[in-house]
Amino acid sequence: MPATSRRRPATRKGRPVLTRESIAAKALEMAGAQGFASLTMRALAAELGVTVRALYNYVEDRQDVVHLAFDTLLTSWNPPPLHAATWETSVADYAGSLRALYRRWPRALLVSLEEDTPPVSVHPNRLLNLDRFLRLLRDVGLDMPSALAAHRHLSLLLLSFVLVVDGPADRAGDSPGEGGLVPDAWLADHADLDIPTLREAAALPLPTPDEQFDELVSAVVDRIRGGLGAD
């Protein structure tokens with residue numbers, strides 16, 4: 001009998017028991033912080049404070065856990081409504097929703113690199129939200145090839161932004177000299193290196209991640225606007 005059809009009590013002695021939802025949430029938390037490579041059944045059981053054997057009462061295997069975790073990620077992705085009349089704002093809102101999602105679980109985005117068989121089940125949000133964004137671009141006047149190109153541009157920029165800009169900034173927190181163009185320690189360790197242009201650039205204040213994100217969105221909007229004027 002499939003694991004999903006088993007009936008289980010919600011609590012035991014007044015305490016919550018395992019559920020597929022709690023397993024998925026913890027798995028996504030682990031994958032988001034350390035990557036899916038860190039997600040073993042033994043590590044997951046330890047994080048949940050249960051035995052590995054207990055996990056198998058709720059999931060079929062590790063791949064089932066990966067699917068559950070990825071579904072949980074996509075369930076959390078709910079962009080605001082998109083409107084052609086205010087398409088620039090809608091593009092920014094859509095991008096912001098993806099940034100928030102990716103930033104919450106950054107290393108989970110590397111699932112296709114870390115898993116031989118990434119999740120094959122498709123969460124409805126993955127289809128519905130993509131359809132809505134493409135429809136927005138079509139409604140403002142882009143043809144389908146241009147709409148697809150704009151979507152690819154945004155997707156690639158967002159993925160790299162979260163991993164390269166947001167990730168290091170979030171890890172650095174308030175640590176001085178860790179969130180700039182290059183860490184201050186790198187320059188200090190190579191005080192004799194002839195890199196005057198880099199030192200000049202590193203001395204300038206770096207835009208905040210939010211300011212850099214606004215620049216990213218502006219670049220995507222400009223590309224879309226250029227496609228509208230190409231006819």
# chains A, B, ... in the order shown; residues from 1 in each chain; ligands from 1

call {"tool": "residues_around", "arguments": {"residues": "segment 193-202 of chain A", "least_positions_apart": "6", "cutoff": "9 Å", "atoms": "only C-alpha atoms", "output": "PyMOL selection string"}}
result
chain A and resi 180-184+187

call {"tool": "select_by_dssp", "arguments": {"residues": "segment 95-153 of chain A", "states": "alpha helix (DSSP H)", "output": "mmCIF file with all heavy atoms, in the first residue's frame"}}
result
data_model
loop_
_atom_site.group_PDB
_atom_site.id
_atom_site.type_symbol
_atom_site.label_atom_id
_atom_site.label_comp_id
_atom_site.auth_asym_id
_atom_site.auth_seq_id
_atom_site.Cartn_x
_atom_site.Cartn_y
_atom_site.Cartn_z
ATOM 1 N N ALA A 95 9.972 38.806 -10.762
ATOM 2 C CA ALA A 95 11.383 38.579 -10.454
ATOM 3 C C ALA A 95 11.613 38.574 -8.947
ATOM 4 O O ALA A 95 12.373 37.752 -8.422
ATOM 5 C CB ALA A 95 12.242 39.650 -11.123
ATOM 6 N N GLY A 96 10.958 39.486 -8.246
ATOM 7 C CA GLY A 96 11.107 39.539 -6.792
ATOM 8 C C GLY A 96 10.608 38.280 -6.111
ATOM 9 O O GLY A 96 11.192 37.826 -5.122
ATOM 10 N N SER A 97 9.526 37.706 -6.639
ATOM 11 C CA SER A 97 9.005 36.473 -6.044
ATOM 12 C C SER A 97 9.983 35.327 -6.216
ATOM 13 O O SER A 97 10.151 34.497 -5.315
ATOM 14 C CB SER A 97 7.644 36.121 -6.661
ATOM 15 O OG SER A 97 7.772 35.615 -7.979
ATOM 16 N N LEU A 98 10.636 35.275 -7.367
ATOM 17 C CA LEU A 98 11.638 34.238 -7.596
ATOM 18 C C LEU A 98 12.874 34.458 -6.735
ATOM 19 O O LEU A 98 13.443 33.510 -6.191
ATOM 20 C CB LEU A 98 12.035 34.204 -9.074
ATOM 21 C CG LEU A 98 11.183 33.338 -9.990
ATOM 22 C CD1 LEU A 98 11.595 33.554 -11.436
ATOM 23 C CD2 LEU A 98 11.284 31.868 -9.618
ATOM 24 N N ARG A 99 13.277 35.705 -6.617
ATOM 25 C CA ARG A 99 14.439 35.997 -5.775
ATOM 26 C C ARG A 99 14.194 35.562 -4.334
ATOM 27 O O ARG A 99 15.057 34.942 -3.697
ATOM 28 C CB ARG A 99 14.747 37.489 -5.814
ATOM 29 C CG ARG A 99 15.989 37.866 -5.014
ATOM 30 C CD ARG A 99 16.078 39.362 -4.778
ATOM 31 N NE ARG A 99 17.288 39.719 -4.049
ATOM 32 C CZ ARG A 99 17.488 40.904 -3.480
ATOM 33 N NH1 ARG A 99 16.548 41.845 -3.540
ATOM 34 N NH2 ARG A 99 18.622 41.148 -2.829
ATOM 35 N N ALA A 100 13.007 35.886 -3.811
ATOM 36 C CA ALA A 100 12.682 35.513 -2.428
ATOM 37 C C ALA A 100 12.680 34.000 -2.262
ATOM 38 O O ALA A 100 13.169 33.468 -1.259
ATOM 39 C CB ALA A 100 11.328 36.091 -2.044
ATOM 40 N N LEU A 101 12.137 33.294 -3.260
ATOM 41 C CA LEU A 101 12.096 31.832 -3.208
ATOM 42 C C LEU A 101 13.507 31.262 -3.225
ATOM 43 O O LEU A 101 13.876 30.427 -2.385
ATOM 44 C CB LEU A 101 11.302 31.306 -4.406
ATOM 45 C CG LEU A 101 11.120 29.794 -4.485
ATOM 46 C CD1 LEU A 101 10.036 29.337 -3.522
ATOM 47 C CD2 LEU A 101 10.761 29.375 -5.915
ATOM 48 N N TYR A 102 14.317 31.691 -4.186
ATOM 49 C CA TYR A 102 15.674 31.174 -4.324
ATOM 50 C C TYR A 102 16.524 31.518 -3.109
ATOM 51 O O TYR A 102 17.336 30.717 -2.649
ATOM 52 C CB TYR A 102 16.333 31.764 -5.568
ATOM 53 C CG TYR A 102 15.757 31.304 -6.887
ATOM 54 C CD1 TYR A 102 16.199 31.872 -8.077
ATOM 55 C CD2 TYR A 102 14.777 30.322 -6.956
ATOM 56 C CE1 TYR A 102 15.684 31.468 -9.306
ATOM 57 C CE2 TYR A 102 14.269 29.910 -8.174
ATOM 58 C CZ TYR A 102 14.726 30.486 -9.349
ATOM 59 O OH TYR A 102 14.225 30.084 -10.552
ATOM 60 N N ARG A 103 16.340 32.730 -2.601
ATOM 61 C CA ARG A 103 17.168 33.190 -1.480
ATOM 62 C C ARG A 103 16.876 32.398 -0.212
ATOM 63 O O ARG A 103 17.746 32.227 0.642
ATOM 64 C CB ARG A 103 16.900 34.680 -1.258
ATOM 65 C CG ARG A 103 17.920 35.380 -0.391
ATOM 66 C CD ARG A 103 17.623 36.864 -0.384
ATOM 67 N NE ARG A 103 18.588 37.610 0.375
ATOM 68 C CZ ARG A 103 18.546 38.937 0.525
ATOM 69 N NH1 ARG A 103 17.562 39.623 -0.043
ATOM 70 N NH2 ARG A 103 19.469 39.550 1.233
ATOM 71 N N ARG A 104 15.652 31.935 -0.075
ATOM 72 C CA ARG A 104 15.273 31.168 1.108
ATOM 73 C C ARG A 104 15.975 29.814 1.149
ATOM 74 O O ARG A 104 16.368 29.340 2.212
ATOM 75 C CB ARG A 104 13.758 30.986 1.126
ATOM 76 C CG ARG A 104 13.218 30.340 2.403
ATOM 77 C CD ARG A 104 11.701 30.332 2.389
ATOM 78 N NE ARG A 104 11.163 29.697 3.572
ATOM 79 C CZ ARG A 104 9.878 29.469 3.781
ATOM 80 N NH1 ARG A 104 8.988 29.854 2.851
ATOM 81 N NH2 ARG A 104 9.464 28.873 4.872
ATOM 82 N N VAL A 111 19.922 21.325 -7.600
ATOM 83 C CA VAL A 111 19.455 19.937 -7.609
ATOM 84 C C VAL A 111 19.850 19.213 -8.888
ATOM 85 O O VAL A 111 20.214 18.034 -8.858
ATOM 86 C CB VAL A 111 17.919 19.880 -7.400
ATOM 87 C CG1 VAL A 111 17.186 20.643 -8.484
ATOM 88 C CG2 VAL A 111 17.442 18.446 -7.309
ATOM 89 N N SER A 112 19.806 19.901 -10.025
ATOM 90 C CA SER A 112 20.125 19.234 -11.284
ATOM 91 C C SER A 112 21.603 18.876 -11.385
ATOM 92 O O SER A 112 21.981 18.006 -12.171
ATOM 93 C CB SER A 112 19.735 20.119 -12.475
ATOM 94 O OG SER A 112 20.432 21.348 -12.436
ATOM 95 N N LEU A 113 22.459 19.543 -10.586
ATOM 96 C CA LEU A 113 23.886 19.223 -10.573
ATOM 97 C C LEU A 113 24.198 18.114 -9.578
ATOM 98 O O LEU A 113 25.159 17.357 -9.774
ATOM 99 C CB LEU A 113 24.697 20.469 -10.204
ATOM 100 C CG LEU A 113 24.595 21.677 -11.136
ATOM 101 C CD1 LEU A 113 25.420 22.821 -10.586
ATOM 102 C CD2 LEU A 113 25.060 21.308 -12.540
ATOM 103 N N GLU A 114 23.401 18.008 -8.533
ATOM 104 C CA GLU A 114 23.722 17.090 -7.441
ATOM 105 C C GLU A 114 22.954 15.780 -7.499
ATOM 106 O O GLU A 114 23.322 14.820 -6.825
ATOM 107 C CB GLU A 114 23.447 17.783 -6.103
ATOM 108 C CG GLU A 114 24.327 19.011 -5.894
ATOM 109 C CD GLU A 114 24.077 19.695 -4.562
ATOM 110 O OE1 GLU A 114 22.982 19.510 -3.992
ATOM 111 O OE2 GLU A 114 24.979 20.413 -4.089
ATOM 112 N N PRO A 124 2.261 21.910 -10.076
ATOM 113 C CA PRO A 124 1.457 22.828 -10.898
ATOM 114 C C PRO A 124 2.017 24.242 -10.970
ATOM 115 O O PRO A 124 1.912 24.896 -12.017
ATOM 116 C CB PRO A 124 0.091 22.806 -10.202
ATOM 117 C CG PRO A 124 0.018 21.478 -9.537
ATOM 118 C CD PRO A 124 1.430 21.173 -9.104
ATOM 119 N N ASN A 125 2.609 24.741 -9.880
ATOM 120 C CA ASN A 125 3.132 26.109 -9.899
ATOM 121 C C ASN A 125 4.220 26.289 -10.945
ATOM 122 O O ASN A 125 4.386 27.389 -11.487
ATOM 123 C CB ASN A 125 3.680 26.493 -8.526
ATOM 124 C CG ASN A 125 2.596 26.921 -7.569
ATOM 125 O OD1 ASN A 125 1.428 27.030 -7.959
ATOM 126 N ND2 ASN A 125 2.942 27.151 -6.315
ATOM 127 N N ARG A 126 4.958 25.230 -11.207
ATOM 128 C CA ARG A 126 6.041 25.338 -12.194
ATOM 129 C C ARG A 126 5.488 25.601 -13.585
ATOM 130 O O ARG A 126 6.137 26.240 -14.419
ATOM 131 C CB ARG A 126 6.868 24.052 -12.181
ATOM 132 C CG ARG A 126 8.195 24.158 -12.896
ATOM 133 C CD ARG A 126 9.070 22.977 -12.574
ATOM 134 N NE ARG A 126 10.425 23.156 -13.058
ATOM 135 C CZ ARG A 126 11.402 22.302 -12.821
ATOM 136 N NH1 ARG A 126 11.166 21.218 -12.089
ATOM 137 N NH2 ARG A 126 12.609 22.521 -13.291
ATOM 138 N N LEU A 127 4.293 25.109 -13.851
ATOM 139 C CA LEU A 127 3.646 25.307 -15.142
ATOM 140 C C LEU A 127 2.783 26.566 -15.149
ATOM 141 O O LEU A 127 2.851 27.368 -16.077
ATOM 142 C CB LEU A 127 2.789 24.081 -15.477
ATOM 143 C CG LEU A 127 3.521 22.736 -15.491
ATOM 144 C CD1 LEU A 127 2.527 21.611 -15.747
ATOM 145 C CD2 LEU A 127 4.615 22.726 -16.549
ATOM 146 N N LEU A 128 1.973 26.732 -14.101
ATOM 147 C CA LEU A 128 1.047 27.857 -14.061
ATOM 148 C C LEU A 128 1.770 29.197 -14.051
ATOM 149 O O LEU A 128 1.398 30.128 -14.791
ATOM 150 C CB LEU A 128 0.156 27.752 -12.819
ATOM 151 C CG LEU A 128 -0.888 26.642 -12.832
ATOM 152 C CD1 LEU A 128 -1.518 26.492 -11.454
ATOM 153 C CD2 LEU A 128 -1.963 26.919 -13.880
ATOM 154 N N ASN A 129 2.809 29.327 -13.221
ATOM 155 C CA ASN A 129 3.502 30.614 -13.118
ATOM 156 C C ASN A 129 4.283 30.935 -14.384
ATOM 157 O O ASN A 129 4.368 32.108 -14.786
ATOM 158 C CB ASN A 129 4.419 30.613 -11.898
ATOM 159 C CG ASN A 129 3.634 30.578 -10.598
ATOM 160 O OD1 ASN A 129 2.490 31.009 -10.545
ATOM 161 N ND2 ASN A 129 4.245 30.047 -9.552
ATOM 162 N N LEU A 130 4.852 29.914 -15.013
ATOM 163 C CA LEU A 130 5.538 30.139 -16.277
ATOM 164 C C LEU A 130 4.541 30.571 -17.349
ATOM 165 O O LEU A 130 4.800 31.498 -18.124
ATOM 166 C CB LEU A 130 6.273 28.872 -16.710
ATOM 167 C CG LEU A 130 6.932 28.907 -18.092
ATOM 168 C CD1 LEU A 130 7.908 30.071 -18.201
ATOM 169 C CD2 LEU A 130 7.648 27.582 -18.368
ATOM 170 N N ASP A 131 3.386 29.910 -17.387
ATOM 171 C CA ASP A 131 2.367 30.279 -18.364
ATOM 172 C C ASP A 131 1.927 31.726 -18.163
ATOM 173 O O ASP A 131 1.772 32.489 -19.134
ATOM 174 C CB ASP A 131 1.163 29.342 -18.230
ATOM 175 C CG ASP A 131 0.053 29.684 -19.212
ATOM 176 O OD1 ASP A 131 0.147 29.273 -20.387
ATOM 177 O OD2 ASP A 131 -0.908 30.387 -18.819
ATOM 178 N N ARG A 132 1.745 32.137 -16.912
ATOM 179 C CA ARG A 132 1.293 33.500 -16.624
ATOM 180 C C ARG A 132 2.327 34.540 -17.047
ATOM 181 O O ARG A 132 1.984 35.607 -17.565
ATOM 182 C CB ARG A 132 0.980 33.635 -15.136
ATOM 183 C CG ARG A 132 -0.273 32.875 -14.719
ATOM 184 C CD ARG A 132 -0.384 32.736 -13.223
ATOM 185 N NE ARG A 132 -1.549 31.943 -12.842
ATOM 186 C CZ ARG A 132 -1.676 31.304 -11.687
ATOM 187 N NH1 ARG A 132 -0.706 31.367 -10.783
ATOM 188 N NH2 ARG A 132 -2.763 30.599 -11.429
ATOM 189 N N PHE A 133 3.607 34.209 -16.819
ATOM 190 C CA PHE A 133 4.643 35.176 -17.196
ATOM 191 C C PHE A 133 4.756 35.283 -18.716
ATOM 192 O O PHE A 133 4.864 36.388 -19.262
ATOM 193 C CB PHE A 133 5.982 34.767 -16.592
ATOM 194 C CG PHE A 133 7.067 35.786 -16.797
ATOM 195 C CD1 PHE A 133 7.000 37.020 -16.180
ATOM 196 C CD2 PHE A 133 8.146 35.516 -17.630
ATOM 197 C CE1 PHE A 133 7.996 37.980 -16.377
ATOM 198 C CE2 PHE A 133 9.147 36.459 -17.825
ATOM 199 C CZ PHE A 133 9.073 37.696 -17.206
ATOM 200 N N LEU A 134 4.709 34.147 -19.396
ATOM 201 C CA LEU A 134 4.766 34.191 -20.860
ATOM 202 C C LEU A 134 3.543 34.904 -21.433
ATOM 203 O O LEU A 134 3.647 35.654 -22.406
ATOM 204 C CB LEU A 134 4.866 32.770 -21.425
ATOM 205 C CG LEU A 134 6.179 32.035 -21.166
ATOM 206 C CD1 LEU A 134 6.094 30.606 -21.699
ATOM 207 C CD2 LEU A 134 7.358 32.768 -21.814
ATOM 208 N N ARG A 135 2.376 34.672 -20.823
ATOM 209 C CA ARG A 135 1.169 35.361 -21.278
ATOM 210 C C ARG A 135 1.308 36.877 -21.093
ATOM 211 O O ARG A 135 0.883 37.661 -21.947
ATOM 212 C CB ARG A 135 -0.046 34.828 -20.500
ATOM 213 C CG ARG A 135 -1.362 35.576 -20.712
ATOM 214 C CD ARG A 135 -1.689 35.782 -22.180
ATOM 215 N NE ARG A 135 -1.680 34.537 -22.937
ATOM 216 C CZ ARG A 135 -1.746 34.496 -24.264
ATOM 217 N NH1 ARG A 135 -1.765 35.624 -24.967
ATOM 218 N NH2 ARG A 135 -1.744 33.337 -24.878
ATOM 219 N N LEU A 136 1.909 37.297 -19.979
ATOM 220 C CA LEU A 136 2.156 38.726 -19.768
ATOM 221 C C LEU A 136 2.984 39.295 -20.908
ATOM 222 O O LEU A 136 2.651 40.345 -21.478
ATOM 223 C CB LEU A 136 2.872 38.945 -18.434
ATOM 224 C CG LEU A 136 3.400 40.365 -18.174
ATOM 225 C CD1 LEU A 136 2.240 41.319 -17.900
ATOM 226 C CD2 LEU A 136 4.390 40.379 -17.022
ATOM 227 N N LEU A 137 4.065 38.614 -21.252
ATOM 228 C CA LEU A 137 4.957 39.100 -22.307
ATOM 229 C C LEU A 137 4.268 39.102 -23.665
ATOM 230 O O LEU A 137 4.486 40.008 -24.483
ATOM 231 C CB LEU A 137 6.222 38.244 -22.352
ATOM 232 C CG LEU A 137 7.067 38.244 -21.070
ATOM 233 C CD1 LEU A 137 8.315 37.387 -21.251
ATOM 234 C CD2 LEU A 137 7.462 39.667 -20.671
ATOM 235 N N ARG A 138 3.426 38.107 -23.912
ATOM 236 C CA ARG A 138 2.675 38.079 -25.171
ATOM 237 C C ARG A 138 1.649 39.202 -25.200
ATOM 238 O O ARG A 138 1.439 39.838 -26.234
ATOM 239 C CB ARG A 138 1.980 36.722 -25.334
ATOM 240 C CG ARG A 138 2.917 35.546 -25.450
ATOM 241 C CD ARG A 138 3.628 35.512 -26.823
ATOM 242 N NE ARG A 138 2.732 34.953 -27.821
ATOM 243 C CZ ARG A 138 2.378 35.570 -28.949
ATOM 244 N NH1 ARG A 138 2.857 36.789 -29.204
ATOM 245 N NH2 ARG A 138 1.586 34.992 -29.816
ATOM 246 N N ASP A 139 1.000 39.453 -24.062
ATOM 247 C CA ASP A 139 -0.038 40.486 -24.013
ATOM 248 C C ASP A 139 0.521 41.886 -24.234
ATOM 249 O O ASP A 139 -0.201 42.768 -24.721
ATOM 250 C CB ASP A 139 -0.762 40.446 -22.661
ATOM 251 C CG ASP A 139 -1.719 39.265 -22.547
ATOM 252 O OD1 ASP A 139 -1.996 38.617 -23.585
ATOM 253 O OD2 ASP A 139 -2.169 38.972 -21.420
ATOM 254 N N MET A 144 6.318 34.948 -29.546
ATOM 255 C CA MET A 144 6.684 33.865 -28.646
ATOM 256 C C MET A 144 8.199 33.649 -28.546
ATOM 257 O O MET A 144 8.717 33.472 -27.433
ATOM 258 C CB MET A 144 5.998 32.563 -29.053
ATOM 259 C CG MET A 144 6.213 31.427 -28.056
ATOM 260 S SD MET A 144 5.646 31.847 -26.383
ATOM 261 C CE MET A 144 3.885 31.680 -26.581
ATOM 262 N N PRO A 145 8.954 33.662 -29.666
ATOM 263 C CA PRO A 145 10.410 33.508 -29.521
ATOM 264 C C PRO A 145 11.030 34.596 -28.637
ATOM 265 O O PRO A 145 11.912 34.315 -27.824
ATOM 266 C CB PRO A 145 10.918 33.595 -30.965
ATOM 267 C CG PRO A 145 9.772 33.111 -31.793
ATOM 268 C CD PRO A 145 8.551 33.647 -31.089
ATOM 269 N N SER A 146 10.568 35.831 -28.769
ATOM 270 C CA SER A 146 11.110 36.928 -27.944
ATOM 271 C C SER A 146 10.703 36.770 -26.487
ATOM 272 O O SER A 146 11.488 37.068 -25.575
ATOM 273 C CB SER A 146 10.619 38.272 -28.477
ATOM 274 O OG SER A 146 11.085 38.500 -29.797
ATOM 275 N N ALA A 147 9.470 36.301 -26.259
ATOM 276 C CA ALA A 147 9.018 36.072 -24.892
ATOM 277 C C ALA A 147 9.852 34.986 -24.226
ATOM 278 O O ALA A 147 10.251 35.114 -23.064
ATOM 279 C CB ALA A 147 7.538 35.688 -24.889
ATOM 280 N N LEU A 148 10.137 33.920 -24.951
ATOM 281 C CA LEU A 148 10.954 32.840 -24.406
ATOM 282 C C LEU A 148 12.371 33.323 -24.126
ATOM 283 O O LEU A 148 12.976 32.963 -23.109
ATOM 284 C CB LEU A 148 10.975 31.661 -25.376
ATOM 285 C CG LEU A 148 9.669 30.875 -25.498
ATOM 286 C CD1 LEU A 148 9.756 29.880 -26.659
ATOM 287 C CD2 LEU A 148 9.356 30.144 -24.199
ATOM 288 N N ALA A 149 12.901 34.144 -25.017
ATOM 289 C CA ALA A 149 14.251 34.675 -24.809
ATOM 290 C C ALA A 149 14.295 35.571 -23.574
ATOM 291 O O ALA A 149 15.248 35.514 -22.786
ATOM 292 C CB ALA A 149 14.705 35.448 -26.044
ATOM 293 N N ALA A 150 13.264 36.381 -23.369
ATOM 294 C CA ALA A 150 13.213 37.247 -22.187
ATOM 295 C C ALA A 150 13.114 36.414 -20.917
ATOM 296 O O ALA A 150 13.746 36.726 -19.901
ATOM 297 C CB ALA A 150 12.018 38.198 -22.290
ATOM 298 N N HIS A 151 12.341 35.347 -20.966
ATOM 299 C CA HIS A 151 12.220 34.473 -19.796
ATOM 300 C C HIS A 151 13.554 33.799 -19.481
ATOM 301 O O HIS A 151 13.952 33.718 -18.321
ATOM 302 C CB HIS A 151 11.147 33.413 -20.034
ATOM 303 C CG HIS A 151 11.085 32.396 -18.945
ATOM 304 N ND1 HIS A 151 11.704 31.161 -19.046
ATOM 305 C CD2 HIS A 151 10.520 32.435 -17.712
ATOM 306 C CE1 HIS A 151 11.506 30.490 -17.928
ATOM 307 N NE2 HIS A 151 10.807 31.222 -17.115
ATOM 308 N N ARG A 152 14.244 33.308 -20.512
ATOM 309 C CA ARG A 152 15.560 32.683 -20.283
ATOM 310 C C ARG A 152 16.531 33.690 -19.683
ATOM 311 O O ARG A 152 17.291 33.368 -18.759
ATOM 312 C CB ARG A 152 16.120 32.119 -21.596
ATOM 313 C CG ARG A 152 15.454 30.854 -22.082
ATOM 314 C CD ARG A 152 16.279 30.197 -23.171
ATOM 315 N NE ARG A 152 16.457 31.060 -24.334
ATOM 316 C CZ ARG A 152 15.620 31.106 -25.370
ATOM 317 N NH1 ARG A 152 14.513 30.372 -25.356
ATOM 318 N NH2 ARG A 152 15.854 31.897 -26.398
ATOM 319 N N HIS A 153 16.517 34.902 -20.204
ATOM 320 C CA HIS A 153 17.400 35.961 -19.704
ATOM 321 C C HIS A 153 17.147 36.218 -18.220
ATOM 322 O O HIS A 153 18.082 36.243 -17.405
ATOM 323 C CB HIS A 153 17.144 37.224 -20.527
ATOM 324 C CG HIS A 153 18.070 38.356 -20.221
ATOM 325 N ND1 HIS A 153 17.655 39.666 -20.145
ATOM 326 C CD2 HIS A 153 19.405 38.383 -19.962
ATOM 327 C CE1 HIS A 153 18.682 40.447 -19.861
ATOM 328 N NE2 HIS A 153 19.753 39.694 -19.741
#

call {"tool": "residues_around", "arguments": {"residues": "Leu55 of chain A", "least_positions_apart": "5", "cutoff": "9 Å", "atoms": "only C-alpha atoms", "output": "list of chain:residue names"}}
result
A:Leu18, A:Ile23, A:Met41, A:Leu44, A:Ala45, A:Val50, A:Glu60, A:Asp61

call {"tool": "residues_around", "arguments": {"residues": "His67 of chain A", "least_positions_apart": "2", "cutoff": "12 Å", "atoms": "only C-alpha atoms", "output": "number ranges by chain"}}
result
A: 20-21, 23-25, 27-28, 31, 36, 59-65, 69-74, 108, 111, 115, 117-123

call {"tool": "select_by_dssp", "arguments": {"residues": "segment 8-207 of chain A", "states": "strand (DSSP E or B)", "output": "list of chain:residue names"}}
result
A:Thr11, A:Arg12, A:Arg15, A:Pro16

call {"tool": "write_last_selection", "arguments": {"atoms": "C-alpha atoms", "output": "CSV table (one decimal), in the first residue's frame"}}
result
chain,number,residue,atom,x,y,z
A,11,THR,CA,-0.1,13.5,17.8
A,12,ARG,CA,1.3,10.9,20.2
A,15,ARG,CA,3.5,15.7,20.7
A,16,PRO,CA,3.5,16.0,17.0

call {"tool": "closest_atom_pairs", "arguments": {"of": "segment 64-167 of chain A", "to": "segment 211-224 of chain A", "cutoff": "8 Å", "atoms": "only C-alpha atoms", "output": "JSON lines"}}
result
{"residue": "A:Glu88", "atom": "CA", "partner": "A:Val221", "partner_atom": "CA", "distance": 6.4}
{"residue": "A:Val91", "atom": "CA", "partner": "A:Val221", "partner_atom": "CA", "distance": 7.3}
{"residue": "A:Ala92", "atom": "CA", "partner": "A:Val217", "partner_atom": "CA", "distance": 6.0}
{"residue": "A:Ala95", "atom": "CA", "partner": "A:Val217", "partner_atom": "CA", "distance": 7.3}
{"residue": "A:Leu142", "atom": "CA", "partner": "A:Ile224", "partner_atom": "CA", "distance": 7.7}
{"residue": "A:Ala150", "atom": "CA", "partner": "A:Ile224", "partner_atom": "CA", "distance": 6.5}
{"residue": "A:His153", "atom": "CA", "partner": "A:Val220", "partner_atom": "CA", "distance": 7.2}
{"residue": "A:Leu154", "atom": "CA", "partner": "A:Val220", "partner_atom": "CA", "distance": 6.3}
{"residue": "A:Leu157", "atom": "CA", "partner": "A:Leu216", "partner_atom": "CA", "distance": 7.3}
{"residue": "A:Phe161", "atom": "CA", "partner": "A:Phe213", "partner_atom": "CA", "distance": 7.8}

call {"tool": "closest_residue", "arguments": {"among": "A:Pro209, A:Ala46, A:Gly226, A:Pro79", "to": "Pro168 of chain A", "atoms": "only C-alpha atoms"}}
result
A:Pro209
